[in-house]
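Below: the structure, in C-alpha cells.
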Amino acid sequence: MTFRGKRPFPRHAVLLLFAVLLHLKVFAQTGDIKGLIRTEKGEPLPGATVILTRNASSFSKVTRTDSIGLFRFSKVPADTGYVIKASYIGYTTHVSERYSVKANDQLSVAFKMQENNGQLSDVVVIGYGSRSRSEMVGAVTTVKKEDFNVGVYSDPVQLLQGKVAGLNISRSGNPNENAAVILRGPSSFRSGTDAYEPFYVIDGVPGASIYSVAPGDIESMEVLKDAVSTSIYGSRAANGVIIITTRKVRSGQSHLSYSTYGAVERISNTIKMADANQLRSYLAANNVTIDAINNDGVSNTNWQKEVTRTGFSHNHNLAYSGSNQNSSYGVSVNYLNNEGIIKGSSMNRFVIRTNLQHRAFNDRLKLDMNVTNSITNGKQIPSQVLSNMLTYMPTVPVKNADGSYYEDRSRTTGTGGYYNPVALINDNTIQSKANILLVNGIATVNILKGLDFTTSVSYQRQRNDTDLYYNSASMLAQDYTGYAQRTNVSNTKKVLESFATYERRFNKHNIKLLGGYSWQEDRNGDGYQVSGYNFVSDDLKWNNLGQGNGTTVNYGNNYVSTLRLISFYGRAFYDYDGRFLFQGSLRRDGSSAFGRNNRWGYFPSVSVGWNLQNERFMKNVNFVNVLKVRAGYGVVGNSTGFNAYTSRLIYGSGSSYFYYNGAWINSLTPIQNDNPDLRWERTATTNVGVDFVLFNNKLSGSVDVYDKRTTDLIGDYTVSTTQYPYSTMTANVGAMSNKGIELALSTTPVKTGKFSWTSSVTLAHNVNKITSISNDLFSAPQFYTAAFSARGQSGISGYQIIKEGMPLGSFYTLKYAGKNADGKSTFVAADGTISTDSTAFTNFRVTGSAQPKLIYGWNNTFRYGQFDLNIFVRGVYGNQILNATRADMNAPIYANTTNVPVSTLSESIKDDKDHFISSRYVESGSYLRLDNATLGYSFANKKNYQLRVYASGNNLFIITKYKGIDPEINVSGQTPGIDNRSYYPKTRTFLLGLNVTF
Amino acid sequence: MKALLYIAISATVMMAAAGCTKLDVPVESQLTTIPNTQEGYVAATGSVYQKMSSQSFAVDFWRVIELSTDEAMIPNRNGSYYDNGSYIKLHKHTWTTSDLDAPWNWGYSGISECNRVLNLLSKSDSSALRTQFTAEIRTMRALFYFYMMDLYGNVPITTYGSTASPTQSTRAVVFKYIESELLAAVPGLGAPATVTLQYYGRPTLWMAYALLQKLYLNAEYYTGTARYTDAITYGNKLMSESGLSLEKNYMSLFSPTNTANNETIFVAVFDANKATGNYFSRYTLHGTLRAKYGLNFSPSNAMCTSPEFFDLFSLTGDARDTTWLSGLQYDFAGNKIMNGSYQLNLTRAITLTDAATMNVGPEVNGVSCGARSIKFYPDPNAVNRYQNNDIPVLRLADVYLMQAEALLRSGGSTATAVALFNKVRARVNAPTVTTLTLQDILDERGRELAWEGWRRNDLIRFGKWEGAWGFKTGGESTSRRLFPIPATELVLNANLVQNDGY
C-alpha cells in the first residue's frame with residue numbers, strides 16, 4: 001500500500017489540539033482566589049463543588065475542596081463582579097457575590113455551609129438523574145443509610161422492611177432464602193414470584209442483581225412508587241422501582257472505615273408437639289396400638305430440638321478511598337457468614353467493590369468504572385426437614401443401637417415423605433454457589449452549559465452452581481446407592497444506556513430535559529445439568545460422576561433464553577418560580593419476549609405539583625415550612641418474570657420417550673402455542689399526594705392516594721386442541737385494581753439539650769381486586785391455584801381461587817362447622833346443610849384473603865449525649881394465612897404414625913376429618929413485632945477517628961393470634977399467605993457491632 | 001469543548017447506526033419447527049404413542065374404566081384413598097359431571113395429536129414411510145375415537161385447523177367414521193407375521209382387524225344394528241392372514257420384561273425411566289410385601305378386587321389363579337409376612353367400619369382387606385415406583401374370545417366357538433369345555449383379560465353393567481352406561497349437549 005500525496009492529518013487530533021490550545025491561552029493580568037469551606041460546626045468540608053463565574057462574561061471555572069476543605073482558583077483574570085457558588089449534597093448551596101480579583105494578588109475567602117434539615121431539601125435519586133425534594137412530582141420514598149434496619153441481613157431489601165409505606169416485605173429465617181417483596185399490592189396473577197418483584201436499579205444499572213451488593217455498601221435506597229416516577233423504566237416498572245445507590249468516592253476525600261458485627265441467632269418460636277409419653281398415653285387411652293417400628297417404648301425425642309441450633313453469624317466491611325485532583329478511587333470488601341438455626345443450613349457471601357473516577361478537561365469529562373464481584377456459598381437442607389421436625393414420631397430414637405439413623409422404610413414416599421429429619425440433614429448434601437460479576441463503565445461529558453451527555457455500559461455475569469449428593473443411606477434416593485447431581489448455569493446481561501440531560505434556569509423558569517436510548521440483552525440459562533448414581537463409595541460425593549454405575553442421566557430442563565429490550569425515552573420538567581411544577585415523560589419500549597404484533601409500546605406519564613409554601617399568601621403562615629400538592633398519571637408495564645419465548649410456538653421432547661423400531665427415542669411435540677398478540681401487562685396509576693413540613697421542621701410527612709389499574713393480565717387459558725397445537729394459550733385477558741392510601745410521618749417531639757426523641761410512622765392500606773379474567777376470545781370462570789396434596793384429600797383443584805371480584809390470594813376451602821356430638825369435624829355443604837361428609841371440592845368456598853388491610857412501621861430514636869437508642873416496631877393487620885402445617889399435624893387418626901401437637905390430644909381420635917383443610921385453619925395473619933432495638937454509643941469525636949459501638953436485638957417479641965411458627969409467611973407470588981409444611985422458622989437475633997472511621 | 005461534543009455525537013451516531021432496534025433473538029435450545037427430514041417425522045409421530053405410554057392412560061384412564069367394574073376397587077383405607085369419595089363414586093356408579101374429565105382429556109388430546117401429525121405428514125414429501133405413518137396414525141386416531149364413543153356416546157369428530165367449536169355426532173355416525181377410517185388405513189399398514197419389535201407399540205394390519213372385530217361385536221349395542229358376521233369376517237382374516245399364536249406362558253405377557261411376542265397385537269409400552277406411568281405395584285400391593293418382591297419402594301396399599309370377581313378364579317389348575325394374592329401371606333421361603341405383630345392377611349372379603357364413606361377402618365390383627373393382583377408382576381427394577389411392564393391393549397386371546405362370542409351370538413359354528421374358547425383355557429391348564437354359554441364367555445373374558453381394560457365394555461355388552469358387586473347395589477338407570485360429558489367441556493364448547501340422565 002502506498003500513500004499518494006500528503007497523509008491527511010486526523011481530524012480528531014485537530015480538534016483535540018484546538019481544545020488544548022483554548023485552555024493554554026494566557027492572560028496577561030491574573031490573580032488567584034483561595035478559600036476554605038467549613039460546616040456549621042467548624043469542621044472542614046471536603047469534596048464540595050465550587051464554581052467561579054463572572055456575571056458580565058461567560059467566564060466559568062469549577063473545582064472541589066480538598067480533604068481539609070480548601071479550594072483554589074489560579075490565574076483568574078483581574079476583574080470585578082466574580083461570583084462563588086459552593087454546593088454539596090445534604091447542604092444548602094452557598095452563593096457569595098461581588099468579588100474582585102487584582103493582578104498578581106491572592107484573594108482569600110472563607111465561609112460556612114449550612115446543613116439541610118427538612119427532608120424536602122434533600123436530593124432524591126430518580127431514574128436517569130436526581131432532583132431536589134422540592135422539585136419532586138412523584139411518590140418516592142428515600143431511605144438513607146442511617147435509617148436502615150439493623151440485623152443479620154443478606155438481602156439488601158430487608159434494610160427497608162417496615163420503613164416504606166406500601167412496601168410489603170416478608171422473609172423467613174432461612175439464610176439462603178431471598179425476601180419476598182411486593183409494592184402497593186399485586187399487579188399480576190402469573191405464577192412465579194418474579195412477576196411481583198419490584199425492578200431494581202443499582203447505581204444506574206437497570207436490572208442488576210441486588211445480591212451483588214453488600215448491605216454495608218449502600219448509601220441510600222429510593223423506592224419509586226407511582227407511575228410518574230417509574231414510567232421512565234417503561235415495561236418493567238409496574239411493580240415499582242427500587243434504586244440502590246452505593247457508597248461513592250468523592251473528590252478531595254480520603255476515607256478508611258471498618259464496620260463489623262457478630263450475632264447469635266436462635267429459633268424464635270417452636271410448635272408444642274406431643275412428647276412421647278403424652279402420645280403413648282393418648283393412644284393407649286383410645287385403644288390404638290402403635291406398630292413396634294414406630295414405638296420403641298422408651299425413646300422420647302424432641303425433633304425440633306434435634307435439628308435446631310444457635311447460629312453464629314458475623315459480618316466485616318472494610319472500605320477505603322482516596323483521591324487526587326483528577327482521580328479518585330474506592331474499594332470495599334465485605335464478608336458475611338450467616339449460620340442458619342437449622343443444622344446444616346448456612347450461607348456466606350464475599351463481595352468486593354471497586355470504583356474509579358477520572359475527571360478531565362476541567363471536570364467536563366468524567367469517567368467512572370465500577371467493578372463488583374459477589375460470591376455466595378450456600379448450604380441447604382432438604383425441605384422435608386421442616387415438616388418432619390414437627391410430625392416425626394417422638395417415640396423412636398434418632399439413631400439405632402448400631403449407630404445408623406433410625407428410619408421406617410415401610411412407609412411410602414409421597415406427600416412430603418416421612419423421614420428422620422436428622423438423617424435428612426446428614427445424608428443429603430446440597431450446596432449452591434453463585435458468582436456475580438458486575439462491571440459498569442460510565443462516561444459523562446459536559447458539552448455546553450447545562451447539557452450533559454452520559455453513556456453507560458454494563459455487563460453482568462452470574463454463574464450458579466448447584467451440587468447435590470444423596471448418600472447411599474438417604475431416604476430421598478431409595479432407588480439408588482448414592483445419587484449425585486450437578487448444575488452449572490450462567491446468566492449474562494449487557495446493558496447500554498446513552499442519554500443527554502439539559503438543565504437550565506433563567507429568571508423564574510427552571511427547565512430539565514432528558515432524552516435517551518437503551519439497549520439490553522439478557523441471555524439466561526446457558527448451562528447444563530448432569531447426574532450419576534449407584535456409587536461404590538459415598539466419599540467422593542458429586543466429584544466423580546463417572547464412577548456411578550447408573551446408566552440414565554438426568555439432564556434437567558435448562559434452556560438458553562435470550563431477551564432483548566430496546567427503548568427510547570424522554571422526560572421534560574419545568575418549574576415556574578419554584579411554585580408550579582410540571583413534568584411529562586414518555587418511554588417507547590420494545591421487547592423480544594412479546595408477540596410479533598405487539599413488540600413495541602408507549603409508556604407515558606404526566607404530573608403537576610404546587611409548592612404552596614412559596615406562594616405569597618402563605619408568607620404569613622409561619623407554622624408551614626413546606627406544603628406541596630402533587631398529582632400524576634402514568635402507564636407502566638410488567639414484563640418481569642417472563643420466559644423470553646412465551647409468545648412463540650415451541651416444540652419440545654419433554655421428559656418422555658416413545659418406542660419406535662425397538663428403541664426409545666425422543667419425540668417432538670408442541671409444548672407452547674404461538675401468540676403473536678401477546679404483550680405486557682399494563683398498569684395505569686393515578687397518584688395524588690401531599691408533602692408537608694410543619695412547625696419549624698418539627699413535623700414532616702406525606703400522604704399519597706393511588707388508584708392502580710392493571711389490564712391485559714397474562715394467564716394460561718385452556719383452549720381447544722381442535723384449534724391450537726397446544727392445550728393452553730398464554731394470553732392477555734384479565735384486569736385487576738389496587739387502590740390505597742399511604743401515610744408517612746416523622747416528628748421530633750422532644751429536643752432539649754442533650755436529649756432528643758425522633759419518631760416516624762409509616763402506614764399503608766391497599767385494596768386488591770381482580771376485576772376480570774375473561775374476554776371475547778378467552779374465558780375462564782375462575783382459576784384454582786395452590787393445589788397441594790393433603791392426606792386423604794385428593795381431588796382438590798386448589799386451595800386458592802382467582803375469580804372476578806375477589807382479591808388475589810383468596811382462600812378457597814371447606815367451611816368448618818365445629819364438632820358434632822361424636823367429636824367429629826363437620827363442614828357446611830354447598831347447599832347449607834352441615835355434615836361430616838360434605839368434604840368434596842364442590843363444597844368449597846372463599847374463606848379469607850391473604851391481602852393485608854394495613855401494613856405499618858413505627859420507628860423511634862432517642863439520643864442522650866453520646867448514647868442513641870432505636871426501637872422499631874412493625875406489623876401487618878387484617879390478612880389471613882392458610883395454616884396447612886397445623887391442619888396436617890392436627891390428625892388424631894394418624895397419631896400412631898405421625899406426631900400431633902399437644903392441642904390435638906384433647907380431640908377425639910375418631911375424628912377422621914380433623915385435619916381436613918377448612919376455614920378452621922384460615923387464621924388471622926395480623927401481627928405486631930418488636931423488630932429491632934439498638935443501643936449505641938458514639939465515642940466523642942477523636943482527632944483521627946470516629947467510633948461507635950452498638951448492641952442490637954431483632955424480633956424481640958411478637959403479638960399475634962397466629963398458631964403457626966410465625967405469621968411472616970410469603971406475601972408475594974400467585975399464592976401468597978400459605979404456610980404449608982415448609983416454613984423455615986424465623987430467628988431471634990442478638991448482635992454486637994462496631995463502626996470505626998478514620 | 002467542541003472535541004467533546006464531536007466525540008459525544010459520533011458515539012451517539014455509532015450506537016444509533018448499530019441500528020439497535022432489532023428485536024429478533026435466536027431460540028438456541030428449542031425447536032420452533034419440525035425438521036423436514038425422515039427423523040423429524042418419526043419424532044413428530046411420537047407424541048401420539050406417548051399418550052399410550054403415560055400415566056394418563058395407565059392410571060387416570062385405567063381407573064375410570066376399571067374401578068367402575070367388579071374387577072377393581074379402592075376402598076377408603078382409614079382415611080387414605082378416601083379422596084373425596086372419587087373412587088366410591090366410580091364403584092357405586094354415582095359419578096357426577098365433574099368426575100370424568102380425565103378420560104375425555106386423554107382421548108381428545110390423543111385425537112388432536114393425531115390430527116396435528118396427520119396434517120404435518122400431509123405436507124411432507126410423498127414416500128413409503130409417509131403412507132405407512134399416515135395409516136398408523138389414522139388407526140391410532142380410530143382407537144382414541146373408539147374409546148371416546150364407547151365412554152361418552154355422542155362425541156364430536158374434530159379436524160385440524162378448524163377454529164369453530166366442533167359439534168357432536170351421533171354414536172352411529174362416529175361408529176361409521178371409525179369403521180371407514182380403519183378400512184381406509186388397512187392398505188397402508190404393515191403386516192408382519194407377528195408383531196415384531198419393529199412394530200411393537202405401533203399399529204399393524206392385525207390391530208386394525210382386531211379393532212374392527214371389536215367394533216362390529218359391539219355394533220348392536222352402539223347402533224342398534226348387529227354386525228356379528230362382519231366381526232367374524234375380520235376375526236377370521238386376522239387368524240388366517242397373520243402368524244399370531246397364543247404364548248405358552250400366560251404370565252410372561254405381563255411381566256416386567258415383557259416385549260414383542262407371538263400373541264400381543266397392540267400394547268402400551270412402558271419403561272421405568274423413559275416412559276413412566278405404570279404404577280400397578282405401587283397402588284396394589286401392601287407395604288409389607290416390599291421385601292418379598294425386592295421392591296425399592298413401599299407400595300401404597302390401595303387397589304384390590306371385589307369378592308364377586310375374585311370368585312371367578314376357581315377353575316381347577318388355572319394358571320391365572322396365581323395372578324392374585326389372597327389370605328395369609330408368606331414370603332418365597334415360606335416365612336410369614338408380618339403386618340405389625342400379626343401375619344399379613346389379604347382377605348377376600350371387604351369389611352367396612354363405616355358404610356357411608358366405604359371405610360375399611362384401621363388394619364386390625366394384620367388384616368388388610370381385598371385380594372390383590374400381581375398380574376403385572378412387581379418389578380424389582382422400578383424407578384420412582386414406576387415399573388417396566390408393558391400393558392397389552394389387544395391380543396390374540398381376546399380375538400379368540402370375541403370370535404367365539406360373535407359365533408355364539410350370530411348362531412354360527414358352536415364347534416369353532418368351543419375350540420377357540422378351549423385354546424384360551426388349555427394355555428393356562430384350565431379345564432376345557434364342550435358346551436358354551438354367553439355367561440361362560442363373559443366369565444372367561446373376566447379371568448383371561450382381568451385388569452386389561454375391557455371389563456366395562458364387556459359388562460355393558462352383556463347387559464351386566466347394572467349388576468351388584470362389592471358395595472354397589474345395582475339396578476341403576478341404564479343411562480349410566482354412558483359417562484357424562486365433562487362439565488368443563490360444556491363450558492368451553494357451547495355446542496355440546498349433555499348425555500341423558502345427567
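In the C-alpha cells, chains take letters A, B, ... by order of appearance, with residues numbered from 1 within each chain and ligands from 1 in the order shown.
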For Ala226 of chain B, work out the shell of residues within 8 Å, counting only C-alpha atoms and skipping chain neighbours fewer than 6 positions away, then give it as an mmCIF file with N, CA and C atoms, in the first residue's frame.
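New file out_18.cif:
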data_model
loop_
_atom_site.group_PDB
_atom_site.id
_atom_site.type_symbol
_atom_site.label_atom_id
_atom_site.label_comp_id
_atom_site.auth_asym_id
_atom_site.auth_seq_id
_atom_site.Cartn_x
_atom_site.Cartn_y
_atom_site.Cartn_z
ATOM 1 N N TYR B 216 -67.413 -54.236 15.467
ATOM 2 C CA TYR B 216 -68.587 -54.949 14.940
ATOM 3 C C TYR B 216 -69.257 -55.777 16.031
ATOM 4 N N LEU B 217 -68.456 -56.324 16.941
ATOM 5 C CA LEU B 217 -69.027 -57.130 18.027
ATOM 6 C C LEU B 217 -69.957 -56.283 18.898
ATOM 7 N N ASN B 218 -69.581 -55.003 19.071
ATOM 8 C CA ASN B 218 -70.387 -54.108 19.907
ATOM 9 C C ASN B 218 -71.437 -53.334 19.115
ATOM 10 N N ALA B 219 -71.486 -53.587 17.787
ATOM 11 C CA ALA B 219 -72.326 -52.751 16.918
ATOM 12 C C ALA B 219 -73.788 -52.738 17.361
ATOM 13 N N GLU B 220 -74.267 -53.862 17.791
ATOM 14 C CA GLU B 220 -75.684 -53.932 18.162
ATOM 15 C C GLU B 220 -75.996 -52.973 19.305
#
What parts of segment 291-456 of chain B does DSSP call alpha helix (DSSP H)? I'd like the answer as a PyMOL selection string.
chain B and resi 307-310+396-410+414-427+438-449+455-456
Please determine the contact residues of chain A with respect to chain B at a cut-off of 7 Å, counting only C-alpha atoms, and supply them as a short mmCIF file (atom, residue, chain, number, x, y, z; two decimals) with N, CA and C atoms, in the first residue's frame.
data_model
loop_
_atom_site.label_atom_id
_atom_site.label_comp_id
_atom_site.auth_asym_id
_atom_site.auth_seq_id
_atom_site.Cartn_x
_atom_site.Cartn_y
_atom_site.Cartn_z
N LEU A 15 -9.02 18.59 16.35
CA LEU A 15 -9.99 19.05 17.33
C LEU A 15 -9.39 19.08 18.72
N LEU A 16 -8.68 18.01 19.06
CA LEU A 16 -8.09 17.93 20.39
C LEU A 16 -7.09 19.05 20.60
N ALA A 19 -8.75 22.21 21.20
CA ALA A 19 -9.30 22.26 22.54
C ALA A 19 -8.22 22.57 23.55
N ASP A 291 -47.44 -49.55 65.88
CA ASP A 291 -46.56 -50.62 65.45
C ASP A 291 -45.21 -50.46 66.12
N ALA A 292 -44.58 -51.59 66.37
CA ALA A 292 -43.29 -51.57 67.06
C ALA A 292 -42.29 -50.67 66.34
N SER A 410 -40.82 -48.91 55.74
CA SER A 410 -42.06 -49.47 55.19
C SER A 410 -43.03 -48.37 54.79
N ARG A 411 -42.72 -47.13 55.20
CA ARG A 411 -43.62 -46.03 54.81
C ARG A 411 -43.43 -45.72 53.34
N THR A 412 -44.50 -45.27 52.76
CA THR A 412 -44.38 -44.86 51.37
C THR A 412 -43.76 -43.48 51.33
N VAL A 445 -20.09 13.60 29.73
CA VAL A 445 -19.44 14.73 29.10
C VAL A 445 -20.34 15.94 29.27
N ILE A 447 -21.17 19.07 27.63
CA ILE A 447 -20.93 19.61 26.29
C ILE A 447 -21.07 21.11 26.27
N PHE A 453 -23.94 14.72 28.50
CA PHE A 453 -24.20 13.51 27.73
C PHE A 453 -23.56 12.34 28.47
N GLN A 478 -33.97 -43.78 47.58
CA GLN A 478 -34.05 -45.18 47.99
C GLN A 478 -33.84 -46.13 46.83
N ASP A 479 -34.04 -45.64 45.61
CA ASP A 479 -33.83 -46.50 44.45
C ASP A 479 -32.34 -46.71 44.18
N TYR A 559 -32.79 -24.32 29.41
CA TYR A 559 -32.92 -23.76 28.08
C TYR A 559 -32.23 -22.41 28.05
N VAL A 560 -31.52 -22.17 27.00
CA VAL A 560 -30.97 -20.83 26.82
C VAL A 560 -32.11 -19.94 26.40
N SER A 561 -32.23 -18.80 27.02
CA SER A 561 -33.24 -17.86 26.54
C SER A 561 -32.61 -16.48 26.45
N THR A 562 -32.88 -15.84 25.36
CA THR A 562 -32.31 -14.52 25.14
C THR A 562 -33.45 -13.51 25.06
N ARG A 564 -34.24 -9.45 24.55
CA ARG A 564 -33.66 -8.16 24.17
C ARG A 564 -34.69 -7.06 24.40
N ILE A 566 -35.21 -2.89 23.90
CA ILE A 566 -34.68 -1.67 23.30
C ILE A 566 -35.66 -0.54 23.61
N SER A 591 -39.65 -5.17 23.26
CA SER A 591 -39.16 -6.37 23.94
C SER A 591 -39.34 -7.57 23.05
N SER A 592 -38.31 -8.38 22.96
CA SER A 592 -38.38 -9.57 22.11
C SER A 592 -39.29 -10.64 22.70
N LEU A 649 -44.29 -20.49 19.16
CA LEU A 649 -44.58 -21.92 19.09
C LEU A 649 -43.27 -22.67 19.34
N ILE A 650 -43.28 -23.52 20.32
CA ILE A 650 -42.06 -24.26 20.67
C ILE A 650 -42.36 -25.75 20.63
N TYR A 651 -41.47 -26.49 20.01
CA TYR A 651 -41.57 -27.94 20.04
C TYR A 651 -40.56 -28.47 21.05
N GLY A 652 -41.01 -29.40 21.85
CA GLY A 652 -40.10 -29.96 22.85
C GLY A 652 -40.25 -31.45 22.92
N SER A 656 -40.38 -37.49 28.33
CA SER A 656 -40.82 -38.82 27.96
C SER A 656 -40.31 -39.21 26.57
N TYR A 657 -40.23 -40.49 26.37
CA TYR A 657 -39.78 -41.02 25.09
C TYR A 657 -40.92 -41.84 24.49
N PHE A 658 -40.75 -42.30 23.25
CA PHE A 658 -41.70 -43.26 22.71
C PHE A 658 -40.93 -44.40 22.05
N TYR A 659 -41.64 -45.53 21.93
CA TYR A 659 -40.98 -46.73 21.47
C TYR A 659 -41.12 -46.81 19.97
N ASN A 661 -39.43 -48.82 16.58
CA ASN A 661 -38.49 -49.74 15.96
C ASN A 661 -37.55 -50.37 16.99
N GLY A 662 -38.12 -50.73 18.14
CA GLY A 662 -37.33 -51.45 19.13
C GLY A 662 -36.44 -50.59 20.01
N ASN A 666 -36.66 -39.87 21.40
CA ASN A 666 -37.29 -38.60 21.73
C ASN A 666 -38.37 -38.25 20.72
N SER A 667 -39.44 -37.71 21.22
CA SER A 667 -40.46 -37.24 20.29
C SER A 667 -40.36 -35.72 20.17
N LEU A 668 -41.07 -35.18 19.23
CA LEU A 668 -41.16 -33.73 19.11
C LEU A 668 -42.62 -33.34 19.11
N THR A 669 -42.97 -32.47 20.01
CA THR A 669 -44.38 -32.11 20.12
C THR A 669 -44.48 -30.66 20.58
N THR A 721 -57.84 -28.16 21.70
CA THR A 721 -56.75 -28.64 20.85
C THR A 721 -57.26 -28.97 19.45
N THR A 722 -58.57 -28.77 19.21
CA THR A 722 -59.02 -28.88 17.83
C THR A 722 -58.63 -27.63 17.07
N GLN A 723 -58.31 -26.57 17.80
CA GLN A 723 -57.97 -25.31 17.16
C GLN A 723 -56.51 -24.94 17.27
N PRO A 725 -52.32 -26.10 18.47
CA PRO A 725 -51.44 -27.25 18.68
C PRO A 725 -51.30 -27.65 20.14
N ARG A 791 -53.29 -35.13 53.18
CA ARG A 791 -53.65 -36.53 53.46
C ARG A 791 -55.15 -36.80 53.35
N GLY A 792 -55.48 -37.80 52.52
CA GLY A 792 -56.87 -38.22 52.36
C GLY A 792 -57.74 -37.18 51.68
N GLN A 793 -57.13 -36.23 50.99
CA GLN A 793 -57.92 -35.14 50.41
C GLN A 793 -57.57 -34.88 48.95
N SER A 794 -57.38 -35.94 48.17
CA SER A 794 -57.09 -35.65 46.76
C SER A 794 -58.39 -35.30 46.05
N GLY A 795 -58.27 -34.90 44.80
CA GLY A 795 -59.46 -34.45 44.07
C GLY A 795 -59.77 -33.00 44.35
N THR A 839 -67.26 -33.00 52.21
CA THR A 839 -65.87 -32.55 52.07
C THR A 839 -65.41 -32.49 50.62
N ALA A 840 -66.32 -32.77 49.69
CA ALA A 840 -65.91 -32.74 48.29
C ALA A 840 -65.62 -31.30 47.86
N ASP A 912 -61.90 -38.43 61.91
CA ASP A 912 -61.03 -38.73 60.77
C ASP A 912 -60.93 -37.58 59.79
#
Hey, what's within 12 Å of segment 548-557 of chain A if we count only C-alpha atoms and toss same-chain stuff fewer than 3 positions away? As a ChimeraX atom specification, please?
/A:472,479-489,525-538,540-545,560,652-655 /B:29-30,272-274,383
Would you please give, as a VMD selection string, all residues of segment 330-408 of chain B that DSSP assigns to strand (DSSP E or B) based on the backbone?
chain B and resid 330 336 338 to 339 342 to 343 345 to 347 354 359 367 to 369 371 to 373 383 386 391 to 395
Neighbours of Ser345 of chain A within 8 Å (only C-alpha atoms; same-chain residues fewer than 6 positions away dropped), as a PDB file with C-alpha atoms, in the first residue's frame?
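What landed in part02.pdb:
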ATOM      1  CA  ASN A 174     -33.617 -19.315  56.026  1.00  0.00           C
ATOM      2  CA  PRO A 175     -30.227 -17.778  55.291  1.00  0.00           C
ATOM      3  CA  ASN A 176     -30.468 -18.971  51.688  1.00  0.00           C
ATOM      4  CA  GLU A 339     -25.229 -19.731  60.066  1.00  0.00           C
ATOM      5  CA  GLY A 378     -24.997 -21.700  50.395  1.00  0.00           C
ATOM      6  CA  LYS A 379     -25.566 -24.949  52.219  1.00  0.00           C
ATOM      7  CA  GLN A 380     -29.132 -26.099  52.071  1.00  0.00           C
ATOM      8  CA  ILE A 381     -31.246 -28.713  53.748  1.00  0.00           C
TER       9      ILE A 381
END
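Of note, atom CA of Gly953 of chain A and atom CA of Gly857 of chain A are spaced 16.7 Å apart.
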Spatial neighbours of Ser404 of chain A, 12 Å, only C-alpha atoms, chain gap at least 3 places, as a PyMOL selection string
chain A and resi 397-401+407+420+422-423+426-427+472-474
Selection file, C-alpha atoms, as a tab-separated table (two decimals), in the first residue's frame:
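Saved to part_28.tsv:
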chain	number	residue	atom	x	y	z
A	397	PRO	CA	-34.72	-42.67	68.73
A	398	VAL	CA	-32.55	-40.57	66.42
A	399	LYS	CA	-30.18	-43.46	65.89
A	400	ASN	CA	-30.33	-47.21	66.16
A	401	ALA	CA	-28.07	-49.10	68.51
A	407	GLU	CA	-35.88	-44.96	59.70
A	420	ASN	CA	-35.91	-38.94	60.09
A	422	VAL	CA	-31.69	-35.56	61.48
A	423	ALA	CA	-30.82	-38.20	58.88
A	426	ASN	CA	-26.77	-35.58	57.40
A	427	ASP	CA	-27.42	-37.93	54.48
A	472	SER	CA	-26.37	-44.43	49.99
A	473	ALA	CA	-28.43	-44.27	53.20
A	474	SER	CA	-30.53	-41.34	52.01
Compile the contact shell of Gln325 of chain A as a ChimeraX atom specification: residues with an atom at most 10 Å away, counting only C-alpha atoms, same-chain residues fewer than 3 positions apart removed.
/A:63-66,251-252,328,358-360,363
Give me the residues within 8 Å of segment 612-629 of chain A as a VMD selection string, counting only C-alpha atoms and dropping any in the same chain fewer than 6 places off.
chain A and resid 120 578 to 579 688 to 697
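Shortest separation to Met149 of chain B among B:Arg130, B:Arg447, B:Arg171, B:Arg395 occurs at residue B:Arg171, atoms counted being only C-alpha atoms.
Atom CA of Gly322 of chain A lies 27.7 Å from atom CA of Ser154 of chain A.
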